[in-house]
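**Student:** Submitted below is the structure of interest, expressed as structure tokens.
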Amino acid sequence: MTKVDTITKEIKIPSNVSMKLSGDLLTVKGPKGELKRSFVHPIVTIKVEGGKVVVHCDKPKRSEMGLSGTWVAHVKNMVRGVTDGFQYKMRIIYSHFPIKTSVKGKELVIENFLGERYPRTAIIQDGVTTKISGDTITLEGMDKEKIGQTAANIEKSTVVKGYDPRVFQDGIYLVSRGE
């Protein structure tokens with residue numbers, strides 16, 4: 001295995017996106033809105049210069065090499081979020097008791113799940129738009145992590161404990177990530 005002295009990764013900034021780095025806080029503005037994220041590490045640095053974002057690390061260890069790739073992925077996701085946005089689709093599946101879903105404030109309310117009397121709830125993160133049409137739930141927004149966390153909250157709220165999941169398949173499941 002060869003030793004790497006420095007790592008420098010560059011991301012081009014599209015013409016309709018503006019970026020500003022204030023200390024460790026990167027602000028990305030685009031047609032859909034604005035996202036902010038903090039990038040803090042003693043060895044790995046991030047700079048905005050000449051129409052591109054540069055992630056740099058001198059004498060990286062394995063963990064710093066991985067972290068620099070993670071930061072590049074975060075910046076690319078932020079750029080895609082403020083230009084195109086993200087869309088996840090979830091499907092409501094039931095065999096006997098029809099599941100009724102509705103949005104109340106920042107919660108998705110799931111009623112009549114497996115015939116239960118009391119509704120289950122899932123928290124919807126800030127900045128995520130939830131649309132329900134028939135047996136499909138559509139999650140849209142700019143921040144990929146918040147949409148993913150909302151989808152995970154919804155899936156987790158319909159977990160059936162104590163039953164065989166191959167037989168009792170009722171629930172709300174992620175179907176597509178809209179890539």
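Residue numbering restarts at 1 for every chain of the structure tokens, chains are lettered A, B, ... in their displayed order, and ligands are numbered from 1 as they appear.
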Mind checking which residues fall within 10 Å of Leu174 in chain A, counting only C-alpha atoms, ignoring those fewer than 4 positions away in the same chain, and posting them as an MDAnalysis selection string?

**Tutor:** chainID A and resid 88:92 136:138 148 151:152 154:155

**Student:** I'd like to know which residues of range 32-103 of chain A are helix (DSSP H, G or I) (by DSSP, run on the backbone); could you write them as a PyMOL selection string?

**Tutor:** chain A and resi 62-83

**Student:** Keeping only N, CA and C atoms, write those residues as a compact mmCIF listing (two decimals), in the first residue's frame.

**Tutor:**
```txt
# COMPACT_ATOMS: atom_id res chain seq x y z
N ARG A 62 -6.21 7.03 7.31
CA ARG A 62 -7.36 6.40 6.66
C ARG A 62 -8.68 7.11 7.02
N SER A 63 -8.83 7.52 8.27
CA SER A 63 -10.07 8.18 8.68
C SER A 63 -10.22 9.55 8.02
N GLU A 64 -9.12 10.30 7.87
CA GLU A 64 -9.21 11.60 7.21
C GLU A 64 -9.50 11.45 5.72
N MET A 65 -8.99 10.38 5.11
CA MET A 65 -9.29 10.13 3.70
C MET A 65 -10.79 9.86 3.52
N GLY A 66 -11.36 9.08 4.42
CA GLY A 66 -12.79 8.81 4.37
C GLY A 66 -13.61 10.06 4.65
N LEU A 67 -13.17 10.87 5.61
CA LEU A 67 -13.89 12.09 5.96
C LEU A 67 -13.89 13.08 4.80
N SER A 68 -12.80 13.17 4.07
CA SER A 68 -12.77 14.11 2.94
C SER A 68 -13.77 13.68 1.87
N GLY A 69 -13.90 12.39 1.62
CA GLY A 69 -14.90 11.90 0.67
C GLY A 69 -16.32 12.15 1.16
N THR A 70 -16.53 12.03 2.47
CA THR A 70 -17.85 12.30 3.05
C THR A 70 -18.21 13.76 2.88
N TRP A 71 -17.24 14.66 3.11
CA TRP A 71 -17.50 16.09 2.95
C TRP A 71 -17.85 16.43 1.51
N VAL A 72 -17.15 15.81 0.56
CA VAL A 72 -17.45 16.04 -0.86
C VAL A 72 -18.88 15.60 -1.17
N ALA A 73 -19.29 14.45 -0.65
CA ALA A 73 -20.65 13.96 -0.86
C ALA A 73 -21.68 14.91 -0.24
N HIS A 74 -21.39 15.45 0.96
CA HIS A 74 -22.30 16.40 1.60
C HIS A 74 -22.48 17.66 0.75
N VAL A 75 -21.37 18.17 0.22
CA VAL A 75 -21.44 19.39 -0.59
C VAL A 75 -22.23 19.12 -1.87
N LYS A 76 -21.99 17.97 -2.51
CA LYS A 76 -22.74 17.62 -3.73
C LYS A 76 -24.24 17.48 -3.44
N ASN A 77 -24.58 16.88 -2.29
CA ASN A 77 -25.99 16.74 -1.91
C ASN A 77 -26.62 18.11 -1.64
N MET A 78 -25.85 19.03 -1.05
CA MET A 78 -26.37 20.37 -0.79
C MET A 78 -26.63 21.10 -2.11
N VAL A 79 -25.71 20.96 -3.08
CA VAL A 79 -25.89 21.60 -4.38
C VAL A 79 -27.11 21.02 -5.09
N ARG A 80 -27.24 19.71 -5.08
CA ARG A 80 -28.40 19.08 -5.72
C ARG A 80 -29.70 19.47 -5.01
N GLY A 81 -29.65 19.60 -3.70
CA GLY A 81 -30.84 19.97 -2.95
C GLY A 81 -31.35 21.36 -3.27
N VAL A 82 -30.45 22.35 -3.41
CA VAL A 82 -30.90 23.71 -3.69
C VAL A 82 -31.22 23.92 -5.16
N THR A 83 -30.80 23.02 -6.04
CA THR A 83 -31.14 23.16 -7.46
C THR A 83 -32.34 22.30 -7.84
```

**Student:** Can you tell me which residues surround Ser18 in chain A at a distance of at most 9 Å, considering only C-alpha atoms, apart from same-chain residues fewer than 5 positions away, and format the answer as number ranges by chain?

**Tutor:** A: 13, 27-30, 51

**Student:** Quick one: residues within 12 Å of Glu49 in chain A, only C-alpha atoms counted, chain neighbours fewer than 4 positions away excluded, as number ranges by chain?

**Tutor:** A: 10-13, 18-21, 53-55

**Student:** With a distance cut-off of 8 Å and only C-alpha atoms, select the neighbouring residues of range 93-97 of chain A, excluding the residue or stretch itself and same-chain residues fewer than 2 positions from it, and output the selection as a ChimeraX atom specification.

**Tutor:** /A:91,99,112-115,135,169-173

**Student:** So which bits of chain A end up strand (DSSP E) when you DSSP the backbone, as a PyMOL selection string?

**Tutor:** chain A and resi 6-12+18-22+25-30+33-38+45-49+52-58+86-93+100-104+107-111+120-123+129-133+136-141+171-176

**Student:** Give me, as a list in words, all polymer residues having an atom no more than 9 Å from Ile124 in chain A, counting only C-alpha atoms and skipping those fewer than 3 positions away in the same chain.

**Tutor:** Gly105, Lys106, Glu107, Leu108, Gly127, Val128, Thr129, Thr130, Lys146, Ile147, Gln149, Thr150, Ala151, Asn153 and Ile154 of chain A

**Student:** Output C-alpha atoms for every residue in that selection, as a short mmCIF file (atom, residue, chain, number, x, y, z; two decimals), in the first residue's frame.

**Tutor:**
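Saved to again26.cif:
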```cif
data_model
loop_
_atom_site.label_atom_id
_atom_site.label_comp_id
_atom_site.auth_asym_id
_atom_site.auth_seq_id
_atom_site.Cartn_x
_atom_site.Cartn_y
_atom_site.Cartn_z
CA GLY A 105 -48.81 19.85 11.94
CA LYS A 106 -45.36 18.25 12.08
CA GLU A 107 -46.65 14.70 12.56
CA LEU A 108 -47.91 11.96 10.27
CA GLY A 127 -38.30 21.56 5.60
CA VAL A 128 -39.93 18.30 4.45
CA THR A 129 -43.20 18.48 2.52
CA THR A 130 -45.48 15.46 2.90
CA LYS A 146 -34.00 15.35 6.82
CA ILE A 147 -36.03 13.54 4.16
CA GLN A 149 -34.83 10.75 8.69
CA THR A 150 -38.53 11.44 8.09
CA ALA A 151 -38.83 8.26 6.00
CA ASN A 153 -39.45 7.77 11.38
CA ILE A 154 -42.46 6.69 9.33
#
```

**Student:** So how many Å separate CA of Cys57 in chain A and CA of Ser15 in chain A, to one decimal?

**Tutor:**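 Calculated distance between CA of Cys57 in chain A and CA of Ser15 in chain A is 26.7 Å.
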